[in-house]
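Structure data follow from protein_34.pdb (PDB, C-alpha atoms and all ligand atoms):
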ATOM      1  CA  MET A   1       0.000   0.000   0.000  1.00  0.00           C
ATOM      2  CA  ARG A   2       1.288   3.452  -0.873  1.00  0.00           C
ATOM      3  CA  ASP A   3       1.188   6.513   1.284  1.00  0.00           C
ATOM      4  CA  MET A   4      -2.050   7.678   2.953  1.00  0.00           C
ATOM      5  CA  GLU A   5      -2.077  10.596   5.383  1.00  0.00           C
ATOM      6  CA  PHE A   6      -4.740  12.192   7.591  1.00  0.00           C
ATOM      7  CA  VAL A   7      -4.746  15.860   8.450  1.00  0.00           C
ATOM      8  CA  LEU A   8      -7.153  17.955  10.498  1.00  0.00           C
ATOM      9  CA  GLY A   9      -7.398  21.193   8.573  1.00  0.00           C
ATOM     10  CA  ASP A  10      -8.439  23.206   5.573  1.00  0.00           C
ATOM     11  CA  ILE A  11      -7.990  21.603   2.163  1.00  0.00           C
ATOM     12  CA  THR A  12      -7.480  24.984   0.481  1.00  0.00           C
ATOM     13  CA  GLU A  13      -4.186  25.389   2.354  1.00  0.00           C
ATOM     14  CA  GLN A  14      -2.633  22.090   1.319  1.00  0.00           C
ATOM     15  CA  ASP A  15       0.611  22.078  -0.598  1.00  0.00           C
ATOM     16  CA  VAL A  16      -0.222  19.183  -2.906  1.00  0.00           C
ATOM     17  CA  ASP A  17      -0.438  18.740  -6.671  1.00  0.00           C
ATOM     18  CA  VAL A  18      -4.178  18.089  -6.708  1.00  0.00           C
ATOM     19  CA  VAL A  19      -6.992  19.204  -4.428  1.00  0.00           C
ATOM     20  CA  VAL A  20     -10.199  17.237  -4.931  1.00  0.00           C
ATOM     21  CA  ASN A  21     -13.378  19.295  -4.731  1.00  0.00           C
ATOM     22  CA  ALA A  22     -16.707  17.873  -3.577  1.00  0.00           C
ATOM     23  CA  ALA A  23     -18.495  19.831  -6.291  1.00  0.00           C
ATOM     24  CA  ASN A  24     -22.108  19.821  -7.372  1.00  0.00           C
ATOM     25  CA  SER A  25     -23.147  18.772 -10.830  1.00  0.00           C
ATOM     26  CA  SER A  26     -23.495  22.335 -12.097  1.00  0.00           C
ATOM     27  CA  LEU A  27     -19.739  22.873 -11.533  1.00  0.00           C
ATOM     28  CA  LEU A  28     -20.626  26.473 -10.827  1.00  0.00           C
ATOM     29  CA  GLY A  29     -19.891  26.534  -7.125  1.00  0.00           C
ATOM     30  CA  GLY A  30     -21.794  25.809  -3.956  1.00  0.00           C
ATOM     31  CA  GLY A  31     -21.404  25.675  -0.215  1.00  0.00           C
ATOM     32  CA  GLY A  32     -19.075  23.693   2.031  1.00  0.00           C
ATOM     33  CA  VAL A  33     -15.682  22.748   0.649  1.00  0.00           C
ATOM     34  CA  ASP A  34     -16.759  23.797  -2.862  1.00  0.00           C
ATOM     35  CA  GLY A  35     -17.414  27.352  -1.688  1.00  0.00           C
ATOM     36  CA  ALA A  36     -14.093  27.458   0.185  1.00  0.00           C
ATOM     37  CA  ILE A  37     -12.126  26.298  -2.878  1.00  0.00           C
ATOM     38  CA  HIS A  38     -13.745  28.883  -5.146  1.00  0.00           C
ATOM     39  CA  ARG A  39     -13.316  31.673  -2.574  1.00  0.00           C
ATOM     40  CA  LYS A  40      -9.631  30.996  -1.956  1.00  0.00           C
ATOM     41  CA  GLY A  41      -8.798  29.862  -5.482  1.00  0.00           C
ATOM     42  CA  GLY A  42     -10.310  32.943  -7.062  1.00  0.00           C
ATOM     43  CA  PRO A  43     -12.260  33.532 -10.276  1.00  0.00           C
ATOM     44  CA  GLU A  44      -9.905  31.523 -12.500  1.00  0.00           C
ATOM     45  CA  ILE A  45     -11.414  28.270 -11.243  1.00  0.00           C
ATOM     46  CA  LEU A  46     -14.971  29.376 -11.925  1.00  0.00           C
ATOM     47  CA  ALA A  47     -13.946  30.603 -15.375  1.00  0.00           C
ATOM     48  CA  ALA A  48     -12.465  27.175 -16.131  1.00  0.00           C
ATOM     49  CA  CYS A  49     -15.639  25.505 -14.864  1.00  0.00           C
ATOM     50  CA  ARG A  50     -17.751  27.728 -17.115  1.00  0.00           C
ATOM     51  CA  ASP A  51     -15.564  26.673 -20.054  1.00  0.00           C
ATOM     52  CA  LEU A  52     -16.238  23.035 -19.213  1.00  0.00           C
ATOM     53  CA  ARG A  53     -19.976  23.739 -19.128  1.00  0.00           C
ATOM     54  CA  ALA A  54     -19.729  25.478 -22.500  1.00  0.00           C
ATOM     55  CA  GLY A  55     -17.932  22.451 -23.940  1.00  0.00           C
ATOM     56  CA  HIS A  56     -17.993  18.743 -23.165  1.00  0.00           C
ATOM     57  CA  TYR A  57     -19.918  19.129 -19.885  1.00  0.00           C
ATOM     58  CA  GLY A  58     -22.897  21.058 -21.200  1.00  0.00           C
ATOM     59  CA  ARG A  59     -25.221  19.168 -18.863  1.00  0.00           C
ATOM     60  CA  GLY A  60     -22.841  19.339 -15.943  1.00  0.00           C
ATOM     61  CA  LEU A  61     -20.811  16.653 -14.242  1.00  0.00           C
ATOM     62  CA  LYS A  62     -22.568  13.387 -13.383  1.00  0.00           C
ATOM     63  CA  THR A  63     -22.365  11.866  -9.920  1.00  0.00           C
ATOM     64  CA  GLY A  64     -19.149   9.863  -9.623  1.00  0.00           C
ATOM     65  CA  GLN A  65     -17.385  11.576 -12.531  1.00  0.00           C
ATOM     66  CA  ALA A  66     -14.279  13.756 -12.130  1.00  0.00           C
ATOM     67  CA  VAL A  67     -12.729  16.556 -14.164  1.00  0.00           C
ATOM     68  CA  ALA A  68      -9.705  18.815 -13.641  1.00  0.00           C
ATOM     69  CA  THR A  69      -9.283  22.584 -13.806  1.00  0.00           C
ATOM     70  CA  THR A  70      -6.614  25.051 -12.802  1.00  0.00           C
ATOM     71  CA  ALA A  71      -6.256  25.597  -9.055  1.00  0.00           C
ATOM     72  CA  GLY A  72      -6.146  29.381  -9.480  1.00  0.00           C
ATOM     73  CA  ASN A  73      -4.556  30.983  -6.430  1.00  0.00           C
ATOM     74  CA  LEU A  74      -4.433  27.798  -4.347  1.00  0.00           C
ATOM     75  CA  PRO A  75      -1.013  26.279  -3.565  1.00  0.00           C
ATOM     76  CA  ALA A  76      -2.116  23.192  -5.530  1.00  0.00           C
ATOM     77  CA  LYS A  77      -1.541  22.833  -9.289  1.00  0.00           C
ATOM     78  CA  TRP A  78      -4.985  21.506 -10.154  1.00  0.00           C
ATOM     79  CA  VAL A  79      -8.438  21.115  -8.696  1.00  0.00           C
ATOM     80  CA  VAL A  80     -10.169  17.873  -9.594  1.00  0.00           C
ATOM     81  CA  HIS A  81     -13.920  18.349  -9.290  1.00  0.00           C
ATOM     82  CA  THR A  82     -16.048  15.335  -8.514  1.00  0.00           C
ATOM     83  CA  VAL A  83     -19.712  15.004  -7.592  1.00  0.00           C
ATOM     84  CA  GLY A  84     -20.480  12.821  -4.601  1.00  0.00           C
ATOM     85  CA  PRO A  85     -23.789  11.012  -4.218  1.00  0.00           C
ATOM     86  CA  VAL A  86     -26.413  12.380  -1.849  1.00  0.00           C
ATOM     87  CA  TRP A  87     -26.910   9.884   1.028  1.00  0.00           C
ATOM     88  CA  SER A  88     -29.939   7.643   0.656  1.00  0.00           C
ATOM     89  CA  SER A  89     -31.311   5.295   3.304  1.00  0.00           C
ATOM     90  CA  THR A  90     -33.324   3.378   0.703  1.00  0.00           C
ATOM     91  CA  GLU A  91     -30.768   2.930  -2.084  1.00  0.00           C
ATOM     92  CA  ASP A  92     -27.146   1.777  -1.888  1.00  0.00           C
ATOM     93  CA  ARG A  93     -25.084   4.459  -3.615  1.00  0.00           C
ATOM     94  CA  SER A  94     -21.718   3.222  -2.303  1.00  0.00           C
ATOM     95  CA  GLU A  95     -20.383   2.459  -5.790  1.00  0.00           C
ATOM     96  CA  LEU A  96     -20.920   6.074  -6.799  1.00  0.00           C
ATOM     97  CA  LEU A  97     -18.941   7.284  -3.797  1.00  0.00           C
ATOM     98  CA  ALA A  98     -16.184   4.810  -4.708  1.00  0.00           C
ATOM     99  CA  ASP A  99     -16.329   6.097  -8.323  1.00  0.00           C
ATOM    100  CA  CYS A 100     -15.660   9.648  -7.067  1.00  0.00           C
ATOM    101  CA  HIS A 101     -12.429   8.524  -5.438  1.00  0.00           C
ATOM    102  CA  ARG A 102     -11.326   6.213  -8.276  1.00  0.00           C
ATOM    103  CA  ASN A 103     -12.096   8.704 -11.033  1.00  0.00           C
ATOM    104  CA  SER A 104     -10.456  11.591  -9.175  1.00  0.00           C
ATOM    105  CA  LEU A 105      -7.285   9.545  -8.757  1.00  0.00           C
ATOM    106  CA  ARG A 106      -7.406   8.500 -12.407  1.00  0.00           C
ATOM    107  CA  VAL A 107      -7.628  12.128 -13.505  1.00  0.00           C
ATOM    108  CA  ALA A 108      -4.834  13.092 -11.072  1.00  0.00           C
ATOM    109  CA  ALA A 109      -2.599  10.281 -12.329  1.00  0.00           C
ATOM    110  CA  GLY A 110      -3.279  11.389 -15.900  1.00  0.00           C
ATOM    111  CA  LEU A 111      -1.994  14.848 -14.998  1.00  0.00           C
ATOM    112  CA  GLY A 112       1.165  13.352 -13.510  1.00  0.00           C
ATOM    113  CA  ALA A 113       0.221  14.366  -9.963  1.00  0.00           C
ATOM    114  CA  ARG A 114       2.293  12.908  -7.153  1.00  0.00           C
ATOM    115  CA  SER A 115       0.153  14.107  -4.256  1.00  0.00           C
ATOM    116  CA  VAL A 116      -3.620  14.380  -3.936  1.00  0.00           C
ATOM    117  CA  ALA A 117      -5.749  15.810  -1.113  1.00  0.00           C
ATOM    118  CA  PHE A 118      -9.331  14.609  -0.596  1.00  0.00           C
ATOM    119  CA  PRO A 119     -12.042  16.094   1.612  1.00  0.00           C
ATOM    120  CA  ALA A 120     -14.628  13.802   3.208  1.00  0.00           C
ATOM    121  CA  ILE A 121     -16.771  13.706   0.055  1.00  0.00           C
ATOM    122  CA  SER A 122     -20.579  13.551   0.568  1.00  0.00           C
ATOM    123  CA  THR A 123     -20.383  13.836   4.380  1.00  0.00           C
ATOM    124  CA  GLY A 124     -21.495  17.474   4.581  1.00  0.00           C
ATOM    125  CA  ILE A 125     -24.475  18.864   2.733  1.00  0.00           C
ATOM    126  CA  TYR A 126     -25.000  15.397   1.136  1.00  0.00           C
ATOM    127  CA  ARG A 127     -25.398  13.827   4.631  1.00  0.00           C
ATOM    128  CA  TRP A 128     -23.464  10.559   4.121  1.00  0.00           C
ATOM    129  CA  PRO A 129     -22.657   9.010   7.534  1.00  0.00           C
ATOM    130  CA  VAL A 130     -18.971   9.587   8.213  1.00  0.00           C
ATOM    131  CA  GLU A 131     -18.131   6.008   9.297  1.00  0.00           C
ATOM    132  CA  SER A 132     -19.525   4.589   6.087  1.00  0.00           C
ATOM    133  CA  ALA A 133     -17.962   7.276   3.886  1.00  0.00           C
ATOM    134  CA  ALA A 134     -14.556   6.740   5.520  1.00  0.00           C
ATOM    135  CA  ALA A 135     -14.697   2.975   4.935  1.00  0.00           C
ATOM    136  CA  ILE A 136     -15.575   3.442   1.256  1.00  0.00           C
ATOM    137  CA  ALA A 137     -13.016   6.216   0.688  1.00  0.00           C
ATOM    138  CA  LEU A 138     -10.139   4.390   2.354  1.00  0.00           C
ATOM    139  CA  THR A 139     -10.781   1.034   0.720  1.00  0.00           C
ATOM    140  CA  THR A 140     -11.115   2.592  -2.720  1.00  0.00           C
ATOM    141  CA  VAL A 141      -8.006   4.746  -2.397  1.00  0.00           C
ATOM    142  CA  ALA A 142      -5.944   1.863  -0.968  1.00  0.00           C
ATOM    143  CA  ASP A 143      -6.998  -0.372  -3.876  1.00  0.00           C
ATOM    144  CA  PHE A 144      -6.103   2.311  -6.390  1.00  0.00           C
ATOM    145  CA  LEU A 145      -2.700   2.986  -4.858  1.00  0.00           C
ATOM    146  CA  GLU A 146      -1.980  -0.734  -4.758  1.00  0.00           C
ATOM    147  CA  ALA A 147      -2.734  -1.084  -8.450  1.00  0.00           C
ATOM    148  CA  THR A 148      -1.046   2.030  -9.805  1.00  0.00           C
ATOM    149  CA  PRO A 149       2.676   1.986 -10.492  1.00  0.00           C
ATOM    150  CA  ASP A 150       3.031   5.743  -9.918  1.00  0.00           C
ATOM    151  CA  ILE A 151       4.140   6.978  -6.548  1.00  0.00           C
ATOM    152  CA  MET A 152       1.287   8.992  -5.128  1.00  0.00           C
ATOM    153  CA  THR A 153       0.584  10.327  -1.699  1.00  0.00           C
ATOM    154  CA  VAL A 154      -3.067  10.697  -0.785  1.00  0.00           C
ATOM    155  CA  ARG A 155      -3.868  13.054   2.065  1.00  0.00           C
ATOM    156  CA  PHE A 156      -7.347  13.099   3.574  1.00  0.00           C
ATOM    157  CA  VAL A 157      -8.002  16.583   4.898  1.00  0.00           C
ATOM    158  CA  LEU A 158     -10.739  16.532   7.499  1.00  0.00           C
ATOM    159  CA  PHE A 159     -12.328  19.753   8.596  1.00  0.00           C
ATOM    160  CA  ASP A 160     -13.529  18.860  12.095  1.00  0.00           C
ATOM    161  CA  GLN A 161     -12.197  16.701  14.901  1.00  0.00           C
ATOM    162  CA  ARG A 162     -14.927  14.053  14.758  1.00  0.00           C
ATOM    163  CA  THR A 163     -14.505  13.452  11.043  1.00  0.00           C
ATOM    164  CA  TYR A 164     -10.739  13.360  11.515  1.00  0.00           C
ATOM    165  CA  ASP A 165     -11.040  10.796  14.324  1.00  0.00           C
ATOM    166  CA  VAL A 166     -13.268   8.544  12.219  1.00  0.00           C
ATOM    167  CA  PHE A 167     -11.027   8.686   9.127  1.00  0.00           C
ATOM    168  CA  ALA A 168      -7.757   8.329  11.009  1.00  0.00           C
ATOM    169  CA  GLY A 169      -9.172   5.462  13.065  1.00  0.00           C
ATOM    170  CA  ALA A 170     -10.753   3.588  10.146  1.00  0.00           C
TER     171      ALA A 170
HETATM  172  P1  LIG A 201     -20.874  17.299   0.122  1.00  0.00           P
HETATM  173  O1  LIG A 201     -21.885  18.123  -0.615  1.00  0.00           O
HETATM  174  O2  LIG A 201     -20.129  16.327  -0.772  1.00  0.00           O
HETATM  175  O3  LIG A 201     -21.426  16.671   1.352  1.00  0.00           O
HETATM  176  P2  LIG A 201     -19.572  19.405   1.724  1.00  0.00           P
HETATM  177  O4  LIG A 201     -18.635  20.435   1.235  1.00  0.00           O
HETATM  178  O5  LIG A 201     -20.881  19.847   2.245  1.00  0.00           O
HETATM  179  O6  LIG A 201     -19.716  18.343   0.524  1.00  0.00           O
HETATM  180  O7  LIG A 201     -18.877  18.569   2.867  1.00  0.00           O
HETATM  181  C1  LIG A 201     -17.865  17.605   2.656  1.00  0.00           C
HETATM  182  C2  LIG A 201     -16.893  17.658   3.821  1.00  0.00           C
HETATM  183  O8  LIG A 201     -15.988  18.750   3.608  1.00  0.00           O
HETATM  184  C3  LIG A 201     -17.524  17.904   5.184  1.00  0.00           C
HETATM  185  O9  LIG A 201     -16.903  17.043   6.136  1.00  0.00           O
HETATM  186  C4  LIG A 201     -17.181  19.359   5.471  1.00  0.00           C
HETATM  187  O10 LIG A 201     -17.067  19.614   6.863  1.00  0.00           O
HETATM  188  C5  LIG A 201     -15.824  19.436   4.829  1.00  0.00           C
HETATM  189  N1  LIG A 201     -15.284  20.775   4.539  1.00  0.00           N
HETATM  190  C6  LIG A 201     -15.908  21.975   4.435  1.00  0.00           C
HETATM  191  N2  LIG A 201     -15.016  22.962   4.187  1.00  0.00           N
HETATM  192  C7  LIG A 201     -13.789  22.357   4.108  1.00  0.00           C
HETATM  193  C8  LIG A 201     -12.457  22.815   3.887  1.00  0.00           C
HETATM  194  N3  LIG A 201     -12.191  24.107   3.681  1.00  0.00           N
HETATM  195  N4  LIG A 201     -11.440  21.909   3.900  1.00  0.00           N
HETATM  196  C9  LIG A 201     -11.695  20.598   4.100  1.00  0.00           C
HETATM  197  N5  LIG A 201     -12.918  20.101   4.308  1.00  0.00           N
HETATM  198  C10 LIG A 201     -13.951  20.967   4.325  1.00  0.00           C
END

Could you express the structure from this file as structure tokens?
Amino acid sequence: MRDMEFVLGDITEQDVDVVVNAANSSLLGGGGVDGAIHRKGGPEILAACRDLRAGHYGRGLKTGQAVATTAGNLPAKWVVHTVGPVWSSTEDRSELLADCHRNSLRVAAGLGARSVAFPAISTGIYRWPVESAAAIALTTVADFLEATPDIMTVRFVLFDQRTYDVFAGA
């Protein structure tokens, strides 16, 4: 297994090649980590997202997909936007949450990234229980790192102590 790290902090401050954004399908910004990335990254990121909407992603980004843009003023080189599934108690959407992590890493690897920071995708506004999200995220990332020949460090950046404790303890 390659390198996985856990940090309590703000993903917009991470000195990594790629910051993963828990975006919404419009790609045009939102609350939570999405809002923070656009605020700190500046208008360049939104401009790049608008270009994507004007081109291949006319209907937006589907749940589980991932796409890269500039990171604007962030210390990172790129932002990889992915859309997490909204939690459902009646339907198992775990594969979509796994897709977010797999596809983000695929896009990052394609860019030649050596380090990638993930937030706790879907656990905020999309209400996914943290224990379950952590299990899916960690298993998926570990599997990816095992299978990829590139050396990549994946850093989970957790915004509050409880989420950090669950991820770091999983
Ligand atoms: P989603 O819509 O996928 O649930 P949210 O942005 O609402 O996305 O929440 C995902 C996680 O990101 C939550 O745990 C939230 O506390 C966390 N978060 C919010 N702001 C930041 C930030 N600046 N850095 C890292 N994590 C953040």

Per-residue nearest contacts range 51-118 of chain A to range 130-144 of chain A, cut-off 12 Å, using all atoms listed in the file, as a Markdown table:
| residue | atom | partner | partner_atom | distance |
| --- | --- | --- | --- | --- |
| A:Gly84 | CA | A:Ala133 | CA | 10.4 |
| A:Pro85 | CA | A:Ala133 | CA | 10.7 |
| A:Val86 | CA | A:Ala133 | CA | 11.4 |
| A:Trp87 | CA | A:Ala133 | CA | 9.7 |
| A:Asp92 | CA | A:Ser132 | CA | 11.4 |
| A:Arg93 | CA | A:Ala133 | CA | 10.7 |
| A:Ser94 | CA | A:Ile136 | CA | 7.1 |
| A:Glu95 | CA | A:Ile136 | CA | 8.6 |
| A:Leu96 | CA | A:Ile136 | CA | 10.0 |
| A:Leu97 | CA | A:Ile136 | CA | 7.2 |
| A:Ala98 | CA | A:Thr140 | CA | 5.9 |
| A:Asp99 | CA | A:Thr140 | CA | 8.4 |
| A:Cys100 | CA | A:Ala137 | CA | 8.9 |
| A:His101 | CA | A:Val141 | CA | 6.6 |
| A:Arg102 | CA | A:Thr140 | CA | 6.6 |
| A:Asn103 | CA | A:Phe144 | CA | 9.9 |
| A:Ser104 | CA | A:Val141 | CA | 9.9 |
| A:Leu105 | CA | A:Phe144 | CA | 7.7 |
| A:Arg106 | CA | A:Phe144 | CA | 8.7 |
| A:Ala108 | CA | A:Phe144 | CA | 11.8 |
| A:Ala109 | CA | A:Phe144 | CA | 10.5 |
| A:Val116 | CA | A:Val141 | CA | 10.7 |
| A:Ala117 | CA | A:Val141 | CA | 11.4 |
| A:Phe118 | CA | A:Ala137 | CA | 9.3 |

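With CA of Gly35 in chain A on one side and CA of Ser89 in chain A on the other, the separation reads 26.5 Å.
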
Among listed residues A:Arg127, A:Arg155, A:Lys62, A:Arg162, nearest ligand LIG 201 (chain A) (using only C-alpha atoms and all ligand atoms): A:Arg127

From A:Glu91, A:Asp51, A:Asp34, A:Glu146, residue lying nearest Ala120 in chain A [only C-alpha atoms]: A:Asp34

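When all atoms listed in the file are used to compute distances to Pro43 in chain A, the closest of the residues A:Ala71, A:Leu27, A:Ala22, A:Ala170 turns out to be A:Ala71.
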
Ligand LIG 201 (chain A) neighbours within 10 Å using only C-alpha atoms and all ligand atoms, as number ranges by chain: A: 7-14, 19-24, 30-37, 39-40, 82-87, 97, 117-130, 156-164

Generate the output file for the selected residues, C-alpha atoms, as a PDB file, keeping the file's coordinate frame.
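Generated file (again06.pdb):
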ATOM      1  CA  VAL A   7      -4.746  15.860   8.450  1.00  0.00           C
ATOM      2  CA  LEU A   8      -7.153  17.955  10.498  1.00  0.00           C
ATOM      3  CA  GLY A   9      -7.398  21.193   8.573  1.00  0.00           C
ATOM      4  CA  ASP A  10      -8.439  23.206   5.573  1.00  0.00           C
ATOM      5  CA  ILE A  11      -7.990  21.603   2.163  1.00  0.00           C
ATOM      6  CA  THR A  12      -7.480  24.984   0.481  1.00  0.00           C
ATOM      7  CA  GLU A  13      -4.186  25.389   2.354  1.00  0.00           C
ATOM      8  CA  GLN A  14      -2.633  22.090   1.319  1.00  0.00           C
ATOM      9  CA  VAL A  19      -6.992  19.204  -4.428  1.00  0.00           C
ATOM     10  CA  VAL A  20     -10.199  17.237  -4.931  1.00  0.00           C
ATOM     11  CA  ASN A  21     -13.378  19.295  -4.731  1.00  0.00           C
ATOM     12  CA  ALA A  22     -16.707  17.873  -3.577  1.00  0.00           C
ATOM     13  CA  ALA A  23     -18.495  19.831  -6.291  1.00  0.00           C
ATOM     14  CA  ASN A  24     -22.108  19.821  -7.372  1.00  0.00           C
ATOM     15  CA  GLY A  30     -21.794  25.809  -3.956  1.00  0.00           C
ATOM     16  CA  GLY A  31     -21.404  25.675  -0.215  1.00  0.00           C
ATOM     17  CA  GLY A  32     -19.075  23.693   2.031  1.00  0.00           C
ATOM     18  CA  VAL A  33     -15.682  22.748   0.649  1.00  0.00           C
ATOM     19  CA  ASP A  34     -16.759  23.797  -2.862  1.00  0.00           C
ATOM     20  CA  GLY A  35     -17.414  27.352  -1.688  1.00  0.00           C
ATOM     21  CA  ALA A  36     -14.093  27.458   0.185  1.00  0.00           C
ATOM     22  CA  ILE A  37     -12.126  26.298  -2.878  1.00  0.00           C
ATOM     23  CA  ARG A  39     -13.316  31.673  -2.574  1.00  0.00           C
ATOM     24  CA  LYS A  40      -9.631  30.996  -1.956  1.00  0.00           C
ATOM     25  CA  THR A  82     -16.048  15.335  -8.514  1.00  0.00           C
ATOM     26  CA  VAL A  83     -19.712  15.004  -7.592  1.00  0.00           C
ATOM     27  CA  GLY A  84     -20.480  12.821  -4.601  1.00  0.00           C
ATOM     28  CA  PRO A  85     -23.789  11.012  -4.218  1.00  0.00           C
ATOM     29  CA  VAL A  86     -26.413  12.380  -1.849  1.00  0.00           C
ATOM     30  CA  TRP A  87     -26.910   9.884   1.028  1.00  0.00           C
ATOM     31  CA  LEU A  97     -18.941   7.284  -3.797  1.00  0.00           C
ATOM     32  CA  ALA A 117      -5.749  15.810  -1.113  1.00  0.00           C
ATOM     33  CA  PHE A 118      -9.331  14.609  -0.596  1.00  0.00           C
ATOM     34  CA  PRO A 119     -12.042  16.094   1.612  1.00  0.00           C
ATOM     35  CA  ALA A 120     -14.628  13.802   3.208  1.00  0.00           C
ATOM     36  CA  ILE A 121     -16.771  13.706   0.055  1.00  0.00           C
ATOM     37  CA  SER A 122     -20.579  13.551   0.568  1.00  0.00           C
ATOM     38  CA  THR A 123     -20.383  13.836   4.380  1.00  0.00           C
ATOM     39  CA  GLY A 124     -21.495  17.474   4.581  1.00  0.00           C
ATOM     40  CA  ILE A 125     -24.475  18.864   2.733  1.00  0.00           C
ATOM     41  CA  TYR A 126     -25.000  15.397   1.136  1.00  0.00           C
ATOM     42  CA  ARG A 127     -25.398  13.827   4.631  1.00  0.00           C
ATOM     43  CA  TRP A 128     -23.464  10.559   4.121  1.00  0.00           C
ATOM     44  CA  PRO A 129     -22.657   9.010   7.534  1.00  0.00           C
ATOM     45  CA  VAL A 130     -18.971   9.587   8.213  1.00  0.00           C
ATOM     46  CA  PHE A 156      -7.347  13.099   3.574  1.00  0.00           C
ATOM     47  CA  VAL A 157      -8.002  16.583   4.898  1.00  0.00           C
ATOM     48  CA  LEU A 158     -10.739  16.532   7.499  1.00  0.00           C
ATOM     49  CA  PHE A 159     -12.328  19.753   8.596  1.00  0.00           C
ATOM     50  CA  ASP A 160     -13.529  18.860  12.095  1.00  0.00           C
ATOM     51  CA  GLN A 161     -12.197  16.701  14.901  1.00  0.00           C
ATOM     52  CA  ARG A 162     -14.927  14.053  14.758  1.00  0.00           C
ATOM     53  CA  THR A 163     -14.505  13.452  11.043  1.00  0.00           C
ATOM     54  CA  TYR A 164     -10.739  13.360  11.515  1.00  0.00           C
TER      55      TYR A 164
END

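Proximity to Asp17 in chain A was assessed for A:Leu74, A:Val107, A:Ala113, A:Leu52 counting all atoms listed in the file; the smallest distance is recorded for A:Ala113.
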
Selected residue of minimal separation from Leu61 in chain A among A:Leu111, A:Leu46, A:Leu28, A:Val79, counting all atoms listed in the file: A:Leu28

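Remark: for Ala76 in chain A, the closest of the candidate residues A:Asp15, A:Gly29, A:Gly41, A:Arg59 is A:Asp15 (distances computed over all atoms listed in the file).
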
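Here CA of Ala48 in chain A is placed at a distance of 9.4 Å from CA of Gly72 in chain A.
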
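CA of Gly112 in chain A is found 15.8 Å from CA of Ala147 in chain A.
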
For range 144-153 of chain A, what centre and edge lengths in Å (one decimal) does the axis-aligned box get once 5 Å is added on each side of all its listed atoms, as JSON?
{"center_x": -1.0, "center_y": 4.6, "center_z": -6.1, "size_x": 20.2, "size_y": 21.4, "size_z": 18.8}
